[in-house]
$ cat start_0.pdb   # PDB, C-alpha atoms and all ligand atoms
MODEL        1
ATOM      1  CA  GLY V 223      12.882  11.411  23.295  1.00  0.00           C
ATOM      2  CA  GLY V 224      14.973   9.192  21.072  1.00  0.00           C
ATOM      3  CA  TYR V 225      15.544   6.163  23.255  1.00  0.00           C
ATOM      4  CA  THR V 226      12.207   5.706  24.970  1.00  0.00           C
ATOM      5  CA  ALA V 227      10.126   4.399  22.064  1.00  0.00           C
ATOM      6  CA  CYS V 228       8.179   1.123  22.280  1.00  0.00           C
ATOM      7  CA  PRO V 229       9.197  -1.902  20.191  1.00  0.00           C
ATOM      8  CA  PRO V 230       7.717  -1.727  16.685  1.00  0.00           C
ATOM      9  CA  GLY V 231       4.510  -3.612  15.937  1.00  0.00           C
ATOM     10  CA  LYS V 232       3.538  -5.425  12.744  1.00  0.00           C
ATOM     11  CA  ASP V 233       2.414  -2.303  10.872  1.00  0.00           C
ATOM     12  CA  GLU V 234       5.476  -0.198  11.715  1.00  0.00           C
ATOM     13  CA  ILE V 235       7.763  -3.058  10.660  1.00  0.00           C
ATOM     14  CA  GLY V 236       5.662  -3.444   7.512  1.00  0.00           C
ATOM     15  CA  VAL V 237       5.840   0.202   6.407  1.00  0.00           C
ATOM     16  CA  SER V 238       9.570   0.370   7.217  1.00  0.00           C
ATOM     17  CA  THR V 239      10.306  -2.837   5.326  1.00  0.00           C
ATOM     18  CA  TRP V 240       8.343  -1.825   2.218  1.00  0.00           C
ATOM     19  CA  THR V 241      10.113   1.554   2.288  1.00  0.00           C
ATOM     20  CA  LEU V 242      13.485  -0.196   2.273  1.00  0.00           C
ATOM     21  CA  LEU V 243      12.481  -2.758  -0.368  1.00  0.00           C
ATOM     22  CA  HIS V 244      10.895  -0.336  -2.852  1.00  0.00           C
ATOM     23  CA  SER V 245      13.815   2.079  -2.361  1.00  0.00           C
ATOM     24  CA  MET V 246      16.380  -0.675  -2.886  1.00  0.00           C
ATOM     25  CA  ALA V 247      14.586  -1.652  -6.091  1.00  0.00           C
ATOM     26  CA  ALA V 248      14.373   1.988  -7.228  1.00  0.00           C
ATOM     27  CA  TRP V 249      18.167   2.345  -6.893  1.00  0.00           C
ATOM     28  CA  TYR V 250      19.078  -1.156  -8.112  1.00  0.00           C
ATOM     29  CA  PRO V 251      21.388  -1.110 -11.172  1.00  0.00           C
ATOM     30  CA  LYS V 252      19.811  -0.903 -14.618  1.00  0.00           C
ATOM     31  CA  GLN V 253      22.355  -3.488 -15.758  1.00  0.00           C
ATOM     32  CA  PRO V 254      23.082  -5.616 -12.700  1.00  0.00           C
ATOM     33  CA  SER V 255      26.016  -8.014 -12.646  1.00  0.00           C
ATOM     34  CA  ASP V 256      25.421 -11.725 -12.111  1.00  0.00           C
ATOM     35  CA  GLN V 257      26.563 -11.191  -8.544  1.00  0.00           C
ATOM     36  CA  ASP V 258      24.092  -8.321  -8.054  1.00  0.00           C
ATOM     37  CA  LYS V 259      21.271 -10.598  -9.196  1.00  0.00           C
ATOM     38  CA  GLU V 260      22.403 -13.420  -6.944  1.00  0.00           C
ATOM     39  CA  PHE V 261      22.729 -11.154  -3.896  1.00  0.00           C
ATOM     40  CA  MET V 262      19.320  -9.581  -4.446  1.00  0.00           C
ATOM     41  CA  THR V 263      17.665 -12.988  -4.856  1.00  0.00           C
ATOM     42  CA  ASN V 264      19.345 -14.223  -1.680  1.00  0.00           C
ATOM     43  CA  PHE V 265      18.364 -11.055   0.160  1.00  0.00           C
ATOM     44  CA  VAL V 266      14.698 -11.678  -0.665  1.00  0.00           C
ATOM     45  CA  LYS V 267      14.955 -15.323   0.402  1.00  0.00           C
ATOM     46  CA  SER V 268      16.586 -14.325   3.693  1.00  0.00           C
ATOM     47  CA  LEU V 269      13.893 -11.758   4.294  1.00  0.00           C
ATOM     48  CA  ALA V 270      11.192 -14.368   3.650  1.00  0.00           C
ATOM     49  CA  ARG V 271      12.891 -16.637   6.181  1.00  0.00           C
ATOM     50  CA  PHE V 272      13.517 -14.109   8.947  1.00  0.00           C
ATOM     51  CA  TYR V 273      10.729 -11.546   8.500  1.00  0.00           C
ATOM     52  CA  PRO V 274       9.731 -10.641  12.075  1.00  0.00           C
ATOM     53  CA  CYS V 275       6.036 -11.648  11.866  1.00  0.00           C
ATOM     54  CA  THR V 276       5.678 -15.406  11.667  1.00  0.00           C
ATOM     55  CA  TRP V 277       2.485 -15.732   9.630  1.00  0.00           C
ATOM     56  CA  CYS V 278       3.493 -12.860   7.323  1.00  0.00           C
ATOM     57  CA  ALA V 279       6.776 -14.680   6.656  1.00  0.00           C
ATOM     58  CA  THR V 280       4.993 -17.965   5.929  1.00  0.00           C
ATOM     59  CA  ASP V 281       2.773 -16.346   3.285  1.00  0.00           C
ATOM     60  CA  PHE V 282       5.674 -14.339   1.853  1.00  0.00           C
ATOM     61  CA  GLN V 283       7.740 -17.532   1.484  1.00  0.00           C
ATOM     62  CA  LYS V 284       4.885 -19.166  -0.425  1.00  0.00           C
ATOM     63  CA  ASN V 285       4.481 -16.112  -2.663  1.00  0.00           C
ATOM     64  CA  VAL V 286       8.228 -16.005  -3.395  1.00  0.00           C
ATOM     65  CA  ASP V 287       8.167 -19.706  -4.279  1.00  0.00           C
ATOM     66  CA  LEU V 288       5.236 -19.139  -6.665  1.00  0.00           C
ATOM     67  CA  SER V 289       6.841 -16.055  -8.222  1.00  0.00           C
ATOM     68  CA  PRO V 290      10.633 -16.024  -7.725  1.00  0.00           C
ATOM     69  CA  PRO V 291      12.363 -12.607  -7.595  1.00  0.00           C
ATOM     70  CA  ARG V 292      12.931 -11.020 -11.012  1.00  0.00           C
ATOM     71  CA  ALA V 293      16.250  -9.230 -10.589  1.00  0.00           C
ATOM     72  CA  ASP V 294      17.458  -9.030 -14.210  1.00  0.00           C
ATOM     73  CA  THR V 295      16.879  -5.264 -14.447  1.00  0.00           C
ATOM     74  CA  ARG V 296      15.936  -2.369 -12.168  1.00  0.00           C
ATOM     75  CA  GLU V 297      12.498  -2.124 -13.773  1.00  0.00           C
ATOM     76  CA  ASP V 298      11.807  -5.859 -13.413  1.00  0.00           C
ATOM     77  CA  LEU V 299      12.721  -5.712  -9.736  1.00  0.00           C
ATOM     78  CA  CYS V 300      10.604  -2.626  -9.010  1.00  0.00           C
ATOM     79  CA  ILE V 301       7.599  -4.287 -10.600  1.00  0.00           C
ATOM     80  CA  TRP V 302       8.219  -7.592  -8.848  1.00  0.00           C
ATOM     81  CA  PHE V 303       8.267  -5.932  -5.398  1.00  0.00           C
ATOM     82  CA  CYS V 304       5.144  -3.995  -6.328  1.00  0.00           C
ATOM     83  CA  GLU V 305       3.376  -7.238  -7.219  1.00  0.00           C
ATOM     84  CA  GLN V 306       4.489  -8.809  -3.953  1.00  0.00           C
ATOM     85  CA  HIS V 307       3.247  -5.800  -2.005  1.00  0.00           C
ATOM     86  CA  ASN V 308      -0.079  -5.964  -3.872  1.00  0.00           C
ATOM     87  CA  LEU V 309      -0.521  -9.604  -2.840  1.00  0.00           C
ATOM     88  CA  VAL V 310      -0.335  -8.452   0.786  1.00  0.00           C
ATOM     89  CA  ASN V 311      -2.574  -5.431   0.066  1.00  0.00           C
ATOM     90  CA  LYS V 312      -5.160  -7.759  -1.455  1.00  0.00           C
ATOM     91  CA  LYS V 313      -5.018 -10.105   1.519  1.00  0.00           C
ATOM     92  CA  LEU V 314      -5.510  -7.167   3.923  1.00  0.00           C
ATOM     93  CA  GLY V 315      -8.248  -5.492   1.827  1.00  0.00           C
ATOM     94  CA  LYS V 316      -6.062  -2.452   1.058  1.00  0.00           C
ATOM     95  CA  PRO V 317      -6.101  -0.626  -2.289  1.00  0.00           C
ATOM     96  CA  LEU V 318      -3.830  -2.046  -4.991  1.00  0.00           C
ATOM     97  CA  PHE V 319      -0.950   0.043  -6.362  1.00  0.00           C
ATOM     98  CA  ASP V 320      -0.503   0.670 -10.104  1.00  0.00           C
ATOM     99  CA  CYS V 321       2.698  -1.309 -10.821  1.00  0.00           C
ATOM    100  CA  THR V 322       3.961   0.723 -13.775  1.00  0.00           C
ATOM    101  CA  ILE V 323       7.535   1.973 -13.576  1.00  0.00           C
ATOM    102  CA  ASN V 324       6.496   5.637 -13.846  1.00  0.00           C
ATOM    103  CA  LYS V 325       4.131   5.358 -10.900  1.00  0.00           C
ATOM    104  CA  LEU V 326       6.704   3.430  -8.899  1.00  0.00           C
ATOM    105  CA  ASP V 327       9.477   5.944  -9.620  1.00  0.00           C
ATOM    106  CA  GLU V 328       7.177   8.819  -8.732  1.00  0.00           C
ATOM    107  CA  ARG V 329       6.478   7.241  -5.348  1.00  0.00           C
ATOM    108  CA  TRP V 330       9.911   5.801  -4.571  1.00  0.00           C
ATOM    109  CA  LYS V 331      12.606   7.478  -6.666  1.00  0.00           C
ATOM    110  CA  LYS V 332      11.871  10.927  -7.939  1.00  0.00           C
ATOM    111  CA  SER V 333       9.225  13.486  -7.233  1.00  0.00           C
ATOM    112  CA  SER V 334       7.079  14.833 -10.069  1.00  0.00           C
ATOM    113  CA  ASP V 335       6.783  18.043  -8.045  1.00  0.00           C
ATOM    114  CA  PRO V 336      10.127  18.695  -6.298  1.00  0.00           C
ATOM    115  CA  LYS V 337       8.612  21.315  -3.976  1.00  0.00           C
ATOM    116  CA  LYS V 338       6.073  18.775  -2.726  1.00  0.00           C
ATOM    117  CA  CYS V 339       8.743  16.428  -1.395  1.00  0.00           C
ATOM    118  CA  GLN V 340      11.400  18.813  -0.040  1.00  0.00           C
ATOM    119  CA  GLU V 341      12.640  17.929   3.420  1.00  0.00           C
TER     120      GLU V 341
HETATM  121  P1  LIG X   1       1.972  -0.206   3.515  1.00  0.00           P
HETATM  122  O1  LIG X   1       1.192  -1.330   2.909  1.00  0.00           O
HETATM  123  O2  LIG X   1       3.081  -0.568   4.452  1.00  0.00           O
HETATM  124  O3  LIG X   1       2.548   0.672   2.296  1.00  0.00           O
HETATM  125  C1  LIG X   1       3.422   1.779   2.519  1.00  0.00           C
HETATM  126  C2  LIG X   1       3.322   2.685   1.307  1.00  0.00           C
HETATM  127  O4  LIG X   1       3.755   1.964   0.162  1.00  0.00           O
HETATM  128  C3  LIG X   1       1.917   3.114   0.948  1.00  0.00           C
HETATM  129  O5  LIG X   1       1.541   4.251   1.643  1.00  0.00           O
HETATM  130  C4  LIG X   1       1.986   3.353  -0.557  1.00  0.00           C
HETATM  131  O6  LIG X   1       2.425   4.669  -0.830  1.00  0.00           O
HETATM  132  C5  LIG X   1       3.057   2.419  -1.004  1.00  0.00           C
HETATM  133  N1  LIG X   1       2.525   1.217  -1.656  1.00  0.00           N
HETATM  134  C6  LIG X   1       1.391   0.530  -1.377  1.00  0.00           C
HETATM  135  N2  LIG X   1       1.279  -0.552  -2.153  1.00  0.00           N
HETATM  136  C7  LIG X   1       2.375  -0.541  -2.945  1.00  0.00           C
HETATM  137  C8  LIG X   1       2.839  -1.417  -3.978  1.00  0.00           C
HETATM  138  N3  LIG X   1       2.157  -2.511  -4.351  1.00  0.00           N
HETATM  139  N4  LIG X   1       4.004  -1.104  -4.593  1.00  0.00           N
HETATM  140  C9  LIG X   1       4.702  -0.003  -4.239  1.00  0.00           C
HETATM  141  N5  LIG X   1       4.331   0.854  -3.277  1.00  0.00           N
HETATM  142  C10 LIG X   1       3.169   0.570  -2.635  1.00  0.00           C
HETATM  143  N6  LIG X   1       0.696  -7.315   7.482  1.00  0.00           N
HETATM  144  C11 LIG X   1      -0.270  -8.150   7.916  1.00  0.00           C
HETATM  145  O7  LIG X   1      -1.147  -7.741   8.672  1.00  0.00           O
HETATM  146  N7  LIG X   1      -0.312  -9.465   7.495  1.00  0.00           N
HETATM  147  C12 LIG X   1       0.629  -9.971   6.645  1.00  0.00           C
HETATM  148  O8  LIG X   1       0.592 -11.151   6.295  1.00  0.00           O
HETATM  149  C13 LIG X   1       1.683  -9.106   6.211  1.00  0.00           C
HETATM  150  N8  LIG X   1       2.667  -9.573   5.411  1.00  0.00           N
HETATM  151  C14 LIG X   1       3.696  -8.737   5.075  1.00  0.00           C
HETATM  152  C15 LIG X   1       4.732  -9.261   4.308  1.00  0.00           C
HETATM  153  C16 LIG X   1       5.808  -8.453   3.982  1.00  0.00           C
HETATM  154  C17 LIG X   1       6.943  -9.020   3.179  1.00  0.00           C
HETATM  155  C18 LIG X   1       5.852  -7.108   4.417  1.00  0.00           C
HETATM  156  C19 LIG X   1       7.042  -6.247   4.095  1.00  0.00           C
HETATM  157  C20 LIG X   1       4.813  -6.599   5.164  1.00  0.00           C
HETATM  158  C21 LIG X   1       3.721  -7.400   5.503  1.00  0.00           C
HETATM  159  N9  LIG X   1       2.667  -6.910   6.262  1.00  0.00           N
HETATM  160  C22 LIG X   1       1.677  -7.756   6.660  1.00  0.00           C
HETATM  161  C23 LIG X   1       2.566  -5.464   6.608  1.00  0.00           C
HETATM  162  C24 LIG X   1       1.642  -4.762   5.618  1.00  0.00           C
HETATM  163  O9  LIG X   1       2.045  -4.989   4.262  1.00  0.00           O
HETATM  164  C25 LIG X   1       1.668  -3.222   5.803  1.00  0.00           C
HETATM  165  O10 LIG X   1       3.005  -2.757   5.830  1.00  0.00           O
HETATM  166  C26 LIG X   1       0.956  -2.771   7.068  1.00  0.00           C
HETATM  167  O11 LIG X   1      -0.360  -3.297   7.080  1.00  0.00           O
HETATM  168  C27 LIG X   1       0.883  -1.226   7.113  1.00  0.00           C
HETATM  169  O12 LIG X   1       0.157  -0.809   5.968  1.00  0.00           O
HETATM  170  P2  LIG X   1       0.024   0.667   5.459  1.00  0.00           P
HETATM  171  O13 LIG X   1      -1.369   0.790   4.928  1.00  0.00           O
HETATM  172  O14 LIG X   1       0.475   1.621   6.510  1.00  0.00           O
HETATM  173  O15 LIG X   1       1.018   0.838   4.220  1.00  0.00           O
ENDMDL
END
$ encode --input "start_0.pdb" --output "structure tokens" --more "lines below"
Ligand code: FAD
Amino acid sequence: GGYTACPPGKDEIGVSTWTLLHSMAAWYPKQPSDQDKEFMTNFVKSLARFYPCTWCATDFQKNVDLSPPRADTREDLCIWFCEQHNLVNKKLGKPLFDCTINKLDERWKKSSDPKKCQE
């Protein structure tokens, strides 16, 4: 039942967070305003500060410092989050994702086969 679940662990928080981040990037404006860019950059910095897994947050902060968010266009942002996710994948020994916009949109924005992804 709905209200008896256990608190989320590191992996559940991870999958949920990546789902939100890649989806936000997928639906980010193609031509963002200066304020859009500023808010997105600040969102990423806040996330890196408050991410609820201390050592994950420490590494994420370092990675964001080395490669600051690219929020000039939707495509730039999608690819930037993909690269960030791949840094974590690499660290954890998981397969790397192909960070091309078509592959990212297929996974996070539109389905190549609509029947496959119907609710
Ligand atoms: P996830 O890695 O959560 O991926 C979910 C889905 O995203 C995949 O099934 C795939 O379809 C898609 N995907 C995979 N790679 C990409 C990509 N590059 N671009 C776009 N889509 C992709 N865990 C730790 O143990 N240590 C850490 O230091 C750590 N740091 C993290 C930092 C951040 C900012 C976040 C959000 C998560 C972090 N995690 C960390 C969690 C970790 O990334 C995974 O979420 C967790 O291990 C569960 O992995 P998963 O294999 O279920 O899929």
$ resolve_selection --input "start_0.pdb" --expression "the PyMOL selection byres (((not hetatm)) within 9 of (chain X and resi 1))" --output "MDAnalysis selection string"
chainID V and resid 232:241 243:244 269:270 273 275:283 300:311 313:314 316:321 325:326 329:330
$ atom_distance --input "start_0.pdb" --atom1 "CA of Lys284 (chain V)" --atom2 "CA of Met262 (chain V)"
17.8 Å
$ closest_residue --input "start_0.pdb" --among "V:Asn324, V:Gln253, V:Ser245, V:Thr226" --to "Asp294 (chain V)" --atoms "all atoms listed in the file"
V:Gln253
$ resolve_selection --input "start_0.pdb" --expression "the PyMOL selection byres (((chain V and resi 295) around 7) and not hetatm)" --output "PDB file with C-alpha atoms, keeping the file's coordinate frame"
ATOM      1  CA  PRO V 251      21.388  -1.110 -11.172  1.00  0.00           C
ATOM      2  CA  LYS V 252      19.811  -0.903 -14.618  1.00  0.00           C
ATOM      3  CA  GLN V 253      22.355  -3.488 -15.758  1.00  0.00           C
ATOM      4  CA  PRO V 254      23.082  -5.616 -12.700  1.00  0.00           C
ATOM      5  CA  ALA V 293      16.250  -9.230 -10.589  1.00  0.00           C
ATOM      6  CA  ASP V 294      17.458  -9.030 -14.210  1.00  0.00           C
ATOM      7  CA  ARG V 296      15.936  -2.369 -12.168  1.00  0.00           C
ATOM      8  CA  GLU V 297      12.498  -2.124 -13.773  1.00  0.00           C
ATOM      9  CA  ASP V 298      11.807  -5.859 -13.413  1.00  0.00           C
ATOM     10  CA  LEU V 299      12.721  -5.712  -9.736  1.00  0.00           C
TER      11      LEU V 299
END
$ atom_distance --input "start_0.pdb" --atom1 "CA of Ala227 (chain V)" --atom2 "CA of Pro274 (chain V)"
18.1 Å
$ atom_distance --input "start_0.pdb" --atom1 "CA of Lys332 (chain V)" --atom2 "CA of Lys259 (chain V)"
23.5 Å
$ axis_aligned_box --input "start_0.pdb" --around "region 324-333 of chain V" --padding-each-side "8 Å" --output "lines of an AutoDock Vina configuration file"
center_x = 8.4
center_y = 8.5
center_z = -9.2
size_x = 24.5
size_y = 26.1
size_z = 25.3
$ decode --input "start_0.pdb" --residues "region 248-329 of chain V" --atoms "C-alpha atoms" --output "compact mmCIF listing (two decimals), in the first residue's frame"
# COMPACT_ATOMS: atom_id res chain seq x y z
CA ALA V 248 14.64 16.95 -22.82
CA TRP V 249 11.91 19.57 -22.29
CA TYR V 250 14.22 22.56 -21.72
CA PRO V 251 13.61 25.40 -24.22
CA LYS V 252 15.44 25.29 -27.55
CA GLN V 253 16.04 29.03 -27.15
CA PRO V 254 16.25 29.63 -23.41
CA SER V 255 16.12 33.14 -21.99
CA ASP V 256 19.03 34.45 -19.93
CA GLN V 257 16.90 33.79 -16.87
CA ASP V 258 16.24 30.19 -17.97
CA LYS V 259 19.98 29.62 -18.27
CA GLU V 260 20.67 31.19 -14.89
CA PHE V 261 17.95 29.16 -13.15
CA MET V 262 19.11 25.90 -14.69
CA THR V 263 22.73 26.57 -13.72
CA ASN V 264 21.66 27.39 -10.17
CA PHE V 265 19.45 24.31 -10.04
CA VAL V 266 22.44 22.10 -10.88
CA LYS V 267 24.61 23.85 -8.29
CA SER V 268 21.92 23.41 -5.63
CA LEU V 269 21.58 19.76 -6.52
CA ALA V 270 25.35 19.29 -6.21
CA ARG V 271 25.20 20.90 -2.78
CA PHE V 272 22.18 19.07 -1.37
CA TYR V 273 22.21 15.72 -3.20
CA PRO V 274 21.15 13.21 -0.53
CA CYS V 275 24.26 10.96 -0.65
CA THR V 276 27.26 12.74 0.80
CA TRP V 277 30.09 11.18 -1.20
CA CYS V 278 28.04 11.25 -4.42
CA ALA V 279 27.49 14.98 -3.86
CA THR V 280 31.19 15.60 -3.24
CA ASP V 281 32.17 13.97 -6.54
CA PHE V 282 29.31 15.66 -8.41
CA GLN V 283 30.43 19.07 -7.10
CA LYS V 284 33.95 18.41 -8.37
CA ASN V 285 32.64 17.27 -11.76
CA VAL V 286 30.42 20.37 -12.07
CA ASP V 287 33.39 22.59 -11.22
CA LEU V 288 35.50 20.87 -13.90
CA SER V 289 32.71 21.03 -16.49
CA PRO V 290 30.16 23.77 -15.66
CA PRO V 291 26.57 23.25 -16.88
CA ARG V 292 26.05 24.06 -20.57
CA ALA V 293 22.54 25.52 -20.64
CA ASP V 294 22.68 27.63 -23.82
CA THR V 295 20.39 25.28 -25.77
CA ARG V 296 18.23 22.21 -25.12
CA GLU V 297 20.67 20.00 -27.02
CA ASP V 298 23.71 21.31 -25.11
CA LEU V 299 21.97 20.64 -21.81
CA CYS V 300 20.86 17.12 -22.76
CA ILE V 301 24.40 16.24 -23.75
CA TRP V 302 25.90 17.84 -20.66
CA PHE V 303 23.68 15.78 -18.32
CA CYS V 304 24.51 12.68 -20.33
CA GLU V 305 28.22 13.34 -19.87
CA GLN V 306 27.72 13.88 -16.15
CA HIS V 307 25.76 10.64 -15.88
CA ASN V 308 28.51 8.82 -17.82
CA LEU V 309 31.12 10.04 -15.33
CA VAL V 310 29.13 8.29 -12.60
CA ASN V 311 28.56 5.22 -14.81
CA LYS V 312 32.30 4.99 -15.40
CA LYS V 313 33.06 5.29 -11.70
CA LEU V 314 30.55 2.50 -10.92
CA GLY V 315 31.66 0.25 -13.81
CA LYS V 316 28.31 0.60 -15.62
CA PRO V 317 27.97 0.79 -19.41
CA LEU V 318 28.35 4.25 -20.95
CA PHE V 319 25.42 5.85 -22.79
CA ASP V 320 25.76 7.19 -26.36
CA CYS V 321 25.39 10.96 -25.78
CA THR V 322 23.97 11.91 -29.18
CA ILE V 323 20.77 13.93 -29.18
CA ASN V 324 18.85 11.29 -31.16
CA LYS V 325 19.69 8.57 -28.66
CA LEU V 326 18.89 10.87 -25.75
CA ASP V 327 15.54 11.93 -27.22
CA GLU V 328 14.65 8.32 -27.95
CA ARG V 329 15.26 7.42 -24.31
